[in-house]
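What follows is the content of query-v6.cif (mmCIF, C-alpha atoms).
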```cif
data_structure
#
loop_
_atom_site.label_atom_id
_atom_site.label_comp_id
_atom_site.auth_asym_id
_atom_site.auth_seq_id
_atom_site.Cartn_x
_atom_site.Cartn_y
_atom_site.Cartn_z
CA MET N 296 -137.77 -39.46 -96.94
CA THR N 297 -141.44 -40.33 -96.53
CA ARG N 298 -143.03 -41.07 -93.16
CA ILE N 299 -142.64 -44.84 -93.54
CA GLU N 300 -138.99 -44.38 -94.54
CA ARG N 301 -138.36 -42.16 -91.52
CA TYR N 302 -139.98 -44.80 -89.32
CA ILE N 303 -137.73 -47.53 -90.75
CA PHE N 304 -134.68 -45.28 -90.44
CA GLY N 305 -135.44 -44.53 -86.78
CA THR N 306 -135.91 -48.22 -86.03
CA VAL N 307 -132.65 -49.35 -87.58
CA LEU N 308 -130.77 -46.35 -86.13
CA GLY N 309 -131.94 -47.16 -82.60
CA ALA N 310 -130.93 -50.79 -82.99
CA PHE N 311 -127.55 -49.81 -84.44
CA LEU N 312 -126.69 -47.40 -81.60
CA THR N 313 -127.76 -49.90 -78.96
CA ILE N 314 -125.64 -52.68 -80.44
CA LEU N 315 -122.67 -50.36 -81.09
CA VAL N 316 -122.60 -49.00 -77.54
CA GLY N 317 -123.13 -52.45 -76.03
CA LEU N 318 -120.43 -54.23 -78.02
CA THR N 319 -117.96 -51.36 -77.68
CA GLY N 320 -118.51 -51.19 -73.93
CA VAL N 321 -118.02 -54.92 -73.41
CA ILE N 322 -114.86 -55.11 -75.53
CA TRP N 323 -113.48 -51.88 -74.03
CA ILE N 324 -113.88 -53.29 -70.52
CA THR N 325 -111.97 -56.43 -71.48
CA GLN N 326 -109.20 -54.27 -72.95
CA ALA N 327 -109.17 -52.03 -69.87
CA LEU N 328 -108.78 -54.99 -67.51
CA ARG N 329 -105.62 -55.96 -69.39
CA GLU N 330 -104.16 -52.50 -68.71
CA LEU N 331 -104.71 -52.53 -64.93
CA ASP N 332 -100.98 -53.17 -64.60
CA LEU N 333 -100.50 -49.45 -65.32
CA ILE N 334 -101.93 -48.71 -61.87
CA THR N 335 -101.01 -51.80 -59.86
CA GLY N 336 -97.57 -52.50 -61.31
CA LYS N 337 -96.28 -49.27 -62.83
CA GLY N 338 -97.57 -46.71 -60.39
CA GLN N 339 -99.53 -44.63 -62.88
CA THR N 340 -102.58 -42.57 -61.98
CA PHE N 341 -106.16 -43.49 -62.83
CA VAL N 342 -106.24 -40.60 -65.31
CA VAL N 343 -103.33 -42.12 -67.26
CA PHE N 344 -105.13 -45.46 -67.18
CA LEU N 345 -108.27 -43.89 -68.69
CA VAL N 346 -106.26 -42.07 -71.36
CA VAL N 347 -104.41 -45.24 -72.42
CA THR N 348 -107.57 -47.34 -72.61
CA GLY N 349 -109.56 -44.50 -74.21
CA LEU N 350 -107.06 -44.19 -77.05
CA SER N 351 -108.07 -47.70 -78.18
CA LEU N 352 -111.71 -46.70 -78.72
CA PRO N 353 -111.30 -45.44 -82.33
CA ALA N 354 -109.88 -48.81 -83.37
CA LEU N 355 -112.72 -50.63 -81.61
CA VAL N 356 -115.37 -48.47 -83.29
CA THR N 357 -113.79 -49.08 -86.71
CA VAL N 358 -114.09 -52.84 -86.29
CA ILE N 359 -117.42 -52.93 -84.42
CA ALA N 360 -119.44 -50.35 -86.42
CA PRO N 361 -119.85 -52.48 -89.61
CA VAL N 362 -120.78 -55.52 -87.51
CA ALA N 363 -123.25 -53.50 -85.43
CA LEU N 364 -124.86 -52.09 -88.57
CA PHE N 365 -125.17 -55.57 -90.09
CA ILE N 366 -126.79 -56.99 -86.93
CA ALA N 367 -129.11 -53.96 -86.66
CA SER N 368 -130.20 -54.38 -90.28
CA ILE N 369 -130.92 -58.09 -89.75
CA HIS N 370 -132.87 -57.34 -86.57
CA THR N 371 -134.89 -54.53 -88.13
CA LEU N 372 -135.78 -56.43 -91.30
CA ASN N 373 -136.82 -59.48 -89.30
CA LYS N 374 -138.87 -57.34 -86.89
CA LEU N 375 -140.66 -55.44 -89.66
CA ASN N 376 -141.53 -58.67 -91.40
CA GLY N 377 -142.60 -60.37 -88.18
CA ASP N 378 -144.96 -57.46 -87.41
CA SER N 379 -146.33 -57.71 -90.99
CA GLU N 380 -145.28 -54.10 -91.65
CA TRP N 381 -142.93 -55.22 -94.42
CA VAL N 382 -145.69 -57.28 -96.05
CA VAL N 383 -148.15 -54.35 -95.97
CA ALA N 384 -145.60 -51.91 -97.42
CA SER N 385 -144.74 -54.35 -100.20
CA ALA N 386 -148.42 -55.00 -100.97
CA ALA N 387 -149.05 -51.24 -101.11
CA GLY N 388 -146.60 -51.01 -104.02
CA MET N 389 -143.48 -49.81 -102.21
CA SER N 390 -140.55 -50.66 -104.49
CA PRO N 391 -137.46 -52.50 -103.21
CA TRP N 392 -135.32 -49.38 -103.78
CA ARG N 393 -137.57 -47.25 -101.58
CA MET N 394 -137.67 -49.94 -98.93
CA MET N 395 -133.88 -50.08 -98.93
CA ARG N 396 -133.37 -46.29 -98.87
CA PRO N 397 -133.40 -45.87 -95.03
CA PHE N 398 -130.84 -48.64 -94.65
CA ALA N 399 -128.68 -47.13 -97.41
CA VAL N 400 -128.77 -43.68 -95.79
CA LEU N 401 -127.66 -45.06 -92.42
CA GLY N 402 -125.04 -47.19 -94.17
CA ALA N 403 -123.67 -44.08 -95.92
CA ILE N 404 -123.49 -42.19 -92.60
CA VAL N 405 -121.66 -45.05 -90.91
CA ALA N 406 -119.35 -45.37 -93.93
CA VAL N 407 -118.36 -41.68 -93.66
CA VAL N 408 -117.72 -42.02 -89.92
CA VAL N 409 -115.60 -45.15 -90.44
CA ALA N 410 -113.66 -43.45 -93.26
CA LEU N 411 -112.83 -40.40 -91.12
CA ASN N 412 -111.94 -42.69 -88.25
CA THR N 413 -109.56 -44.94 -90.16
CA ILE N 414 -107.95 -42.22 -92.28
CA TRP N 415 -107.39 -39.64 -89.55
CA LEU N 416 -108.51 -40.41 -85.99
CA MET N 417 -107.33 -44.01 -85.55
CA PRO N 418 -103.70 -43.53 -86.69
CA ALA N 419 -103.47 -40.37 -84.57
CA SER N 420 -104.72 -42.25 -81.50
CA PHE N 421 -102.29 -45.13 -82.14
CA ALA N 422 -99.38 -42.69 -82.48
CA GLN N 423 -100.35 -40.91 -79.27
CA LEU N 424 -100.68 -44.26 -77.51
CA ARG N 425 -97.21 -45.31 -78.67
CA HIS N 426 -95.75 -42.02 -77.40
CA LEU N 427 -97.51 -42.32 -74.05
CA ILE N 428 -96.46 -45.95 -73.49
CA THR N 429 -92.86 -45.02 -74.31
CA GLN N 430 -92.98 -42.27 -71.70
CA ILE N 431 -94.45 -44.66 -69.13
CA ARG N 432 -91.71 -47.20 -69.75
CA ALA N 433 -89.08 -44.46 -69.46
CA ASP N 434 -90.44 -43.34 -66.09
CA PHE N 435 -87.98 -45.31 -63.97
CA VAL N 436 -89.20 -43.71 -60.73
CA ALA N 437 -92.64 -45.34 -61.21
CA ASN N 438 -91.49 -48.55 -62.89
CA LEU N 439 -88.28 -49.57 -61.12
CA VAL N 440 -88.04 -47.90 -57.74
CA ARG N 441 -90.02 -49.09 -54.72
CA GLU N 442 -90.32 -47.17 -51.49
CA GLY N 443 -87.85 -48.16 -48.78
CA GLN N 444 -85.58 -50.02 -51.21
CA PHE N 445 -82.20 -49.06 -52.66
CA THR N 446 -82.44 -49.68 -56.40
CA GLU N 447 -79.52 -49.85 -58.83
CA LEU N 448 -80.74 -47.87 -61.86
CA ASP N 449 -77.58 -47.99 -63.93
CA SER N 450 -73.93 -48.79 -63.51
CA GLY N 451 -72.98 -46.78 -60.42
CA ILE N 452 -76.37 -45.10 -59.81
CA THR N 453 -78.46 -45.90 -56.73
CA PHE N 454 -81.84 -44.37 -55.96
CA SER N 455 -84.15 -44.66 -52.97
CA TYR N 456 -86.95 -42.83 -51.19
CA ARG N 457 -88.49 -43.41 -47.79
CA ASP N 458 -92.16 -42.83 -48.49
CA LYS N 459 -94.58 -41.33 -50.97
CA SER N 460 -97.14 -38.60 -50.34
CA GLY N 461 -99.30 -38.04 -53.39
CA ASP N 462 -96.92 -37.20 -56.25
CA ALA N 463 -94.10 -36.25 -53.85
CA LEU N 464 -91.26 -38.56 -52.79
CA LEU N 465 -90.15 -38.19 -49.16
CA GLY N 466 -86.64 -38.93 -47.92
CA VAL N 467 -84.91 -38.97 -51.32
CA PHE N 468 -81.44 -40.52 -51.70
CA LEU N 469 -79.57 -40.50 -55.02
CA GLN N 470 -75.96 -41.66 -55.39
CA ASP N 471 -73.97 -41.23 -58.62
CA ARG N 472 -70.75 -43.29 -58.82
CA ARG N 473 -70.39 -43.43 -62.62
CA ASP N 474 -67.26 -41.26 -62.53
CA PRO N 475 -64.56 -43.37 -60.88
CA GLN N 476 -62.82 -40.19 -59.72
CA ARG N 477 -65.81 -38.68 -57.97
CA THR N 478 -68.91 -39.72 -56.05
CA VAL N 479 -71.93 -37.43 -55.79
CA VAL N 480 -74.79 -38.02 -53.34
CA TYR N 481 -78.07 -36.08 -53.35
CA VAL N 482 -80.12 -36.14 -50.15
CA ALA N 483 -83.41 -34.25 -49.83
CA GLU N 484 -86.46 -34.20 -47.62
CA ARG N 485 -88.80 -34.02 -50.58
CA GLY N 486 -88.71 -34.58 -54.33
CA VAL N 487 -91.24 -34.21 -57.14
CA ALA N 488 -90.86 -35.54 -60.69
CA ALA N 489 -91.83 -32.91 -63.29
CA ASP N 490 -92.02 -33.02 -67.08
CA LEU N 491 -90.84 -29.78 -68.66
CA GLU N 492 -90.45 -28.81 -72.31
CA ASP N 493 -86.76 -29.76 -72.42
CA GLY N 494 -87.03 -33.02 -70.44
CA SER N 495 -87.94 -34.70 -67.17
CA TYR N 496 -86.54 -33.46 -63.87
CA LEU N 497 -86.62 -34.41 -60.19
CA LEU N 498 -87.20 -31.21 -58.19
CA LEU N 499 -85.56 -31.64 -54.79
CA GLU N 500 -86.38 -29.51 -51.73
CA SER N 501 -84.54 -28.97 -48.43
CA GLY N 502 -81.49 -31.12 -49.04
CA SER N 503 -77.78 -31.26 -49.65
CA ILE N 504 -75.24 -32.42 -52.24
CA HIS N 505 -72.23 -34.43 -51.04
CA ARG N 506 -69.19 -34.63 -53.33
CA GLN N 507 -66.22 -36.89 -52.63
CA GLN N 508 -63.06 -37.01 -54.75
CA THR N 509 -61.15 -40.31 -54.99
CA GLY N 510 -57.94 -40.25 -52.92
CA ARG N 511 -59.06 -37.32 -50.78
CA GLN N 512 -60.46 -37.69 -47.31
CA ASP N 513 -62.25 -34.38 -47.19
CA GLY N 514 -65.32 -33.77 -49.30
CA SER N 515 -67.69 -30.92 -49.96
CA ILE N 516 -71.26 -30.44 -48.84
CA VAL N 517 -73.62 -27.94 -50.44
CA THR N 518 -77.05 -27.36 -48.93
CA PHE N 519 -79.99 -26.12 -50.99
CA GLU N 520 -83.60 -25.18 -50.67
CA ARG N 521 -84.45 -26.20 -54.22
CA TYR N 522 -82.45 -28.15 -56.78
CA ALA N 523 -83.38 -29.74 -60.13
CA VAL N 524 -81.83 -33.05 -61.20
CA ASP N 525 -82.10 -34.07 -64.84
CA LEU N 526 -83.64 -37.56 -64.86
CA ALA N 527 -82.48 -38.22 -68.42
CA ALA N 528 -78.96 -38.58 -67.04
CA PHE N 529 -80.02 -41.35 -64.64
CA GLY N 530 -82.73 -43.25 -66.47
CA PRO N 531 -82.15 -46.01 -69.00
CA GLU N 532 -81.12 -44.90 -72.44
CA GLN N 533 -84.08 -44.25 -74.71
CA ALA N 534 -84.09 -45.07 -78.37
CA ALA N 535 -86.02 -43.02 -80.87
CA ILE N 536 -89.70 -43.85 -81.04
CA LEU N 537 -90.39 -46.10 -84.03
CA TYR N 538 -93.94 -45.90 -85.33
CA LYS N 539 -95.49 -48.98 -86.92
CA PRO N 540 -97.51 -48.63 -90.16
CA ARG N 541 -100.85 -48.50 -88.32
CA GLU N 542 -99.47 -45.67 -86.13
CA GLN N 543 -98.41 -43.50 -89.07
CA SER N 544 -100.58 -40.93 -90.78
CA THR N 545 -102.29 -41.75 -94.05
CA GLY N 546 -100.14 -39.16 -95.80
CA ALA N 547 -97.00 -40.94 -94.56
CA LEU N 548 -98.33 -44.22 -95.99
CA PHE N 549 -98.80 -42.59 -99.41
CA ALA N 550 -95.17 -41.39 -99.37
CA PRO N 551 -93.19 -43.51 -96.87
CA ASP N 552 -89.84 -42.33 -95.58
CA PRO N 553 -87.21 -44.53 -97.30
CA ASP N 554 -85.06 -44.34 -94.14
CA ASP N 555 -87.85 -45.64 -91.91
CA PRO N 556 -86.63 -48.93 -90.32
CA TYR N 557 -90.11 -50.50 -90.57
CA TYR N 558 -90.42 -49.51 -94.23
CA ARG N 559 -86.99 -50.94 -95.07
CA ALA N 560 -87.84 -54.21 -93.29
CA VAL N 561 -91.41 -54.80 -94.58
CA PRO N 562 -92.49 -52.22 -97.18
CA GLY N 563 -95.50 -54.35 -98.04
CA ARG N 564 -97.10 -53.65 -94.66
CA PHE N 565 -97.31 -49.96 -95.55
CA ARG N 566 -99.08 -50.85 -98.81
CA ALA N 567 -101.51 -53.23 -97.08
CA GLU N 568 -102.27 -50.76 -94.27
CA LEU N 569 -102.93 -47.94 -96.74
CA HIS N 570 -105.47 -49.91 -98.77
CA ASP N 571 -107.07 -51.32 -95.63
CA ARG N 572 -107.81 -47.73 -94.57
CA LEU N 573 -109.07 -46.74 -98.00
CA THR N 574 -111.48 -49.71 -98.22
CA SER N 575 -112.72 -49.83 -94.61
CA TRP N 576 -115.70 -47.58 -95.37
CA LEU N 577 -117.06 -50.13 -97.88
CA TYR N 578 -117.75 -52.81 -95.26
CA PRO N 579 -120.73 -51.04 -93.61
CA LEU N 580 -122.32 -50.78 -97.07
CA ALA N 581 -121.59 -54.45 -97.70
CA GLY N 582 -123.28 -55.38 -94.42
CA VAL N 583 -126.44 -53.49 -95.38
CA ALA N 584 -126.49 -55.02 -98.87
CA ILE N 585 -126.04 -58.58 -97.56
CA ALA N 586 -128.75 -58.15 -94.92
CA PHE N 587 -131.20 -56.72 -97.44
CA ALA N 588 -130.47 -59.44 -100.00
CA ALA N 589 -131.22 -62.13 -97.42
CA LEU N 590 -134.21 -60.57 -95.62
CA GLY N 591 -135.41 -57.78 -97.88
CA GLN N 592 -138.26 -59.76 -99.39
CA ALA N 593 -141.59 -59.72 -97.57
CA VAL N 594 -142.80 -63.18 -96.56
CA THR N 595 -145.67 -64.46 -94.46
CA THR N 596 -145.11 -65.12 -90.78
CA ARG N 597 -145.57 -68.84 -91.44
CA GLN N 598 -142.36 -68.95 -93.47
CA GLY N 599 -139.21 -69.36 -91.41
CA ARG N 600 -136.39 -66.82 -91.69
CA GLY N 601 -133.68 -68.91 -90.05
CA THR N 602 -132.15 -70.04 -93.32
CA ALA N 603 -132.02 -66.48 -94.67
CA ILE N 604 -130.42 -65.15 -91.47
CA ALA N 605 -127.85 -67.96 -91.51
CA ALA N 606 -127.07 -67.22 -95.17
CA ALA N 607 -126.59 -63.53 -94.37
CA VAL N 608 -124.22 -64.30 -91.49
CA VAL N 609 -122.21 -66.69 -93.64
CA GLY N 610 -122.06 -64.12 -96.45
CA MET N 611 -120.82 -61.36 -94.13
CA VAL N 612 -118.21 -63.63 -92.58
CA LEU N 613 -116.96 -64.69 -96.02
CA VAL N 614 -116.62 -61.07 -97.16
CA ARG N 615 -114.70 -60.07 -94.02
CA VAL N 616 -112.44 -63.12 -94.11
CA ALA N 617 -111.75 -62.47 -97.79
CA GLY N 618 -110.78 -58.91 -96.90
CA PHE N 619 -108.35 -60.07 -94.19
CA ALA N 620 -106.84 -62.68 -96.52
CA ALA N 621 -106.42 -60.14 -99.32
CA SER N 622 -104.76 -57.70 -96.92
CA SER N 623 -102.29 -60.36 -95.81
CA ALA N 624 -101.55 -61.21 -99.43
CA ALA N 625 -100.98 -57.53 -100.24
CA VAL N 626 -98.04 -57.50 -97.83
CA GLY N 627 -96.11 -59.79 -100.13
CA SER N 628 -97.57 -58.87 -103.52
CA ALA N 629 -98.67 -55.54 -104.99
CA ALA N 630 -101.04 -57.38 -107.34
CA ALA N 631 -103.11 -58.50 -104.33
CA VAL N 632 -104.17 -54.89 -103.76
CA ALA N 633 -106.91 -55.52 -106.34
CA LEU N 634 -108.27 -58.27 -104.09
CA VAL N 635 -108.34 -55.88 -101.11
CA TRP N 636 -110.80 -53.74 -103.08
CA ALA N 637 -112.60 -56.65 -104.74
CA ALA N 638 -113.70 -58.27 -101.46
CA PRO N 639 -115.93 -55.43 -100.16
CA LEU N 640 -117.04 -54.35 -103.64
CA ALA N 641 -118.21 -57.89 -104.40
CA GLY N 642 -119.90 -57.90 -100.99
CA ILE N 643 -121.94 -54.90 -102.17
CA ALA N 644 -122.55 -55.67 -105.84
CA ILE N 645 -123.60 -59.32 -105.63
CA PRO N 646 -126.14 -58.88 -102.78
CA LEU N 647 -127.60 -55.80 -104.50
CA TRP N 648 -128.05 -57.79 -107.71
CA ILE N 649 -129.87 -60.47 -105.73
CA ALA N 650 -131.95 -57.98 -103.70
CA MET N 651 -133.22 -56.16 -106.78
CA ARG N 652 -134.44 -59.44 -108.32
CA PRO N 653 -137.07 -60.75 -105.91
CA GLN N 654 -137.92 -63.85 -107.94
CA GLN N 655 -134.32 -65.04 -108.18
CA SER N 656 -133.82 -64.27 -104.47
CA ALA N 657 -136.92 -66.24 -103.48
CA ALA N 658 -135.85 -69.16 -105.67
CA LEU N 659 -132.37 -69.14 -104.16
CA THR N 660 -133.78 -69.10 -100.62
CA ALA N 661 -136.13 -71.96 -101.48
CA ARG N 662 -133.28 -74.05 -102.85
CA LEU N 663 -131.20 -73.40 -99.72
CA SER N 664 -134.12 -74.32 -97.47
CA GLY N 665 -134.85 -77.47 -99.49
CA GLY N 666 -131.21 -78.50 -99.43
CA LEU N 667 -131.03 -78.11 -95.67
CA ALA N 668 -134.33 -79.97 -95.25
CA ARG N 669 -133.06 -82.89 -97.32
CA LEU N 670 -129.70 -82.86 -95.59
CA ALA N 671 -131.13 -83.07 -92.07
CA PRO N 672 -133.09 -86.34 -92.58
CA ALA N 673 -130.09 -87.87 -94.36
CA ARG N 674 -127.89 -87.13 -91.38
CA LEU N 675 -130.48 -88.51 -88.96
CA LEU N 676 -130.76 -91.71 -91.04
CA ALA N 677 -127.01 -92.12 -91.18
CA SER N 678 -126.77 -91.64 -87.41
CA SER N 679 -129.47 -94.24 -86.76
CA ARG N 680 -127.71 -96.75 -89.02
CA ARG N 681 -124.41 -96.24 -87.18
CA ALA N 682 -126.23 -96.72 -83.86
#
```
Rewrite the structure from the file as structure tokens, please.
Amino acid sequence: MTRIERYIFGTVLGAFLTILVGLTGVIWITQALRELDLITGKGQTFVVFLVVTGLSLPALVTVIAPVALFIASIHTLNKLNGDSEWVVASAAGMSPWRMMRPFAVLGAIVAVVVALNTIWLMPASFAQLRHLITQIRADFVANLVREGQFTELDSGITFSYRDKSGDALLGVFLQDRRDPQRTVVYVAERGVAADLEDGSYLLLESGSIHRQQTGRQDGSIVTFERYAVDLAAFGPEQAAILYKPREQSTGALFAPDPDDPYYRAVPGRFRAELHDRLTSWLYPLAGVAIAFAALGQAVTTRQGRGTAIAAAVVGMVLVRVAGFAASSAAVGSAAAVALVWAAPLAGIAIPLWIAMRPQQSAALTARLSGGLARLAPARLLASSRRA
């Protein structure tokens, strides 16, 4: 790239990163506030809270990056024209293709990042998030039991602890009455929940096991220094983790498991999710093309750019809404897959056709401005007549 192209590239890149970080940070904070229940209500650590909220970042970046690039392109084009730099470059003979090259390069970079994100990183993060949330829900010690209370975990199982010191439970009491012929009580000074390779266990220290047979007055007491209790036997029954289409790998979407419950129920969602991932990288390019078609022509500072900016925003919204509508239609019809691809491709091709024809673009902008100018007085006149 030439020096002027590097200057334009640096300007739009700085604007893009600023907008991307700002929007991602704001939306991430709103998502994080919704997950505070992990700490306040479910007894999880702050590290778990950060992991759960951090796993949503790839999905946020996928949605925000095309929007941030579109806004950055609009801002940069308007700034360059307002500072008369765009007018000077155009008067010096710089062709529209060369003027668009820095935006196209950044659009290609963002498109590659979005493609890698949607095809690999985002489904992996969703799958990990599903696994982690399932583990949190299965952690009955954190979710169901409160210190100083006797809690009925299952039919015939009662659990309690006196106090909590860090990760350790103090004064542990566990009674198992599921076998009508025998009652087993575990009492320990200290207990720590631990996740091992073969399951979750409660490691008890300095305690005793009391066993009482039905119909017999004498029981047995066994003291121990350390004893491991399998929590899987006391917690609620866990079903197999079912991954939704967005949580499955792209390879699994290409060849779905016919026994998958989600696939048997709504096979169209797998089709729609697959093509959503394959077309997501086109939307950053569409944003650049739409911005350049609306604001790529150099104009004097006396000419307003409000109409062009409004047209660009409307165009980008229409392309994105068309993509969402096509994706919804693809759930019920395989033929609608063509529309999933047509929406972003049309959002690239049509603006590029307009951008590379300055005279037609200027005429179109003039007609839009004239139409709005005629419409405004008509509305004012109608309002005055009603008054």
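For the pair atom CA of N:Ala586 and atom CA of N:Val358, the separation is 17.8 Å.
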List, as a count of residues only, every residue that the PyMOL selection byres ((chain N and resi 635-640) around 10) selects in the file provided. 37
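A straight line drawn from atom CA of N:Leu464 to atom CA of N:Thr518 is 18.5 Å long.
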Picked residues, the PyMOL selection byres ((chain N and resi 500-512) around 6), as a short mmCIF file (atom, residue, chain, number, x, y, z; two decimals) with C-alpha atoms, keeping the file's coordinate frame:
```cif
data_model
loop_
_atom_site.label_atom_id
_atom_site.label_comp_id
_atom_site.auth_asym_id
_atom_site.auth_seq_id
_atom_site.Cartn_x
_atom_site.Cartn_y
_atom_site.Cartn_z
CA GLN N 476 -62.82 -40.19 -59.72
CA ARG N 477 -65.81 -38.68 -57.97
CA THR N 478 -68.91 -39.72 -56.05
CA VAL N 479 -71.93 -37.43 -55.79
CA VAL N 480 -74.79 -38.02 -53.34
CA TYR N 481 -78.07 -36.08 -53.35
CA VAL N 482 -80.12 -36.14 -50.15
CA ALA N 483 -83.41 -34.25 -49.83
CA GLU N 484 -86.46 -34.20 -47.62
CA ARG N 485 -88.80 -34.02 -50.58
CA LEU N 499 -85.56 -31.64 -54.79
CA ASP N 513 -62.25 -34.38 -47.19
CA GLY N 514 -65.32 -33.77 -49.30
CA SER N 515 -67.69 -30.92 -49.96
CA ILE N 516 -71.26 -30.44 -48.84
CA VAL N 517 -73.62 -27.94 -50.44
CA THR N 518 -77.05 -27.36 -48.93
CA PHE N 519 -79.99 -26.12 -50.99
CA GLU N 520 -83.60 -25.18 -50.67
CA ARG N 521 -84.45 -26.20 -54.22
#
```
Restricting the calculation to all atoms listed in the file: of N:Val362, N:Leu350, N:Val608, N:Leu590, which residue gets closest to N:Phe311? N:Val362
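Using all atoms listed in the file, the smallest distance between any of N:Val583, N:Val561, N:Ile303, N:Ala607 and N:Thr371 comes from N:Ile303.
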For N:Ala363, which residue among N:Leu312, N:Phe445, N:Ala588, N:Tyr456 is the nearest when counting only C-alpha atoms? N:Leu312
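Using all atoms listed in the file, the smallest distance between any of N:Ala386, N:Ile604, N:Ala310, N:Val524 and N:Ala488 comes from N:Val524.
A distance cut-off of 8 Å around (-85.2, -34.0, -58.8), counting only C-alpha atoms, selects these protein and nucleic acid residues: Gly486, Val487, Ala488, Tyr496, Leu497, Leu498, Leu499, Tyr522, Ala523, Val524, Asp525 and Leu526 of chain N.
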Please provide the set of residues having any atom within 9 Å of stretch 388-405 of chain N, restricted to all atoms listed in the file, with same-chain residues fewer than 2 positions apart removed, written as a PyMOL selection string. chain N and resi 296+299-305+307-308+360-361+364+368+381+383-386+407-410+576+579-584+587+591-592+650-651+653
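Between N:Pro540 and the residues N:Gly610, N:Gly451, N:Pro418, N:Pro475, the shortest atom-to-atom distance, using only C-alpha atoms, involves N:Pro418.
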Between N:Val346, N:Ala354, N:Ala603, N:Ile366, which residue has the minimum interatomic distance to N:Ile314, considering all atoms listed in the file? N:Ile366
N:Leu569 environment, 7 Å, all atoms listed in the file, sequence neighbours closer than 4 positions dropped, as a PyMOL selection string: chain N and resi 545+548+565+573
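Atom CA of N:Arg572 lies 16.4 Å from atom CA of N:Ser351.
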Show me, as a ChimeraX atom specification, the residues that have an atom within 12 Å of N:Ala547 when counting all atoms listed in the file, minus same-chain residues fewer than 6 positions from it. /N:414-415,418-419,538-541,553,555,558,565-566,568-569
Kindly provide, as JSON, the centre and edge lengths (Å, one decimal) of an axis-aligned box around all atoms of stretch 556-567 of chain N given in the file, with 8 Å on each side.
```
{"center_x": -94.1, "center_y": -51.9, "center_z": -94.6, "size_x": 30.9, "size_y": 21.9, "size_z": 24.5}
```
At a cut-off of 6 Å, using all atoms listed in the file, what residues contact N:Glu442? Leave out same-chain residues fewer than 2 positions from it and give the result as a PyMOL selection string. chain N and resi 444+456-458
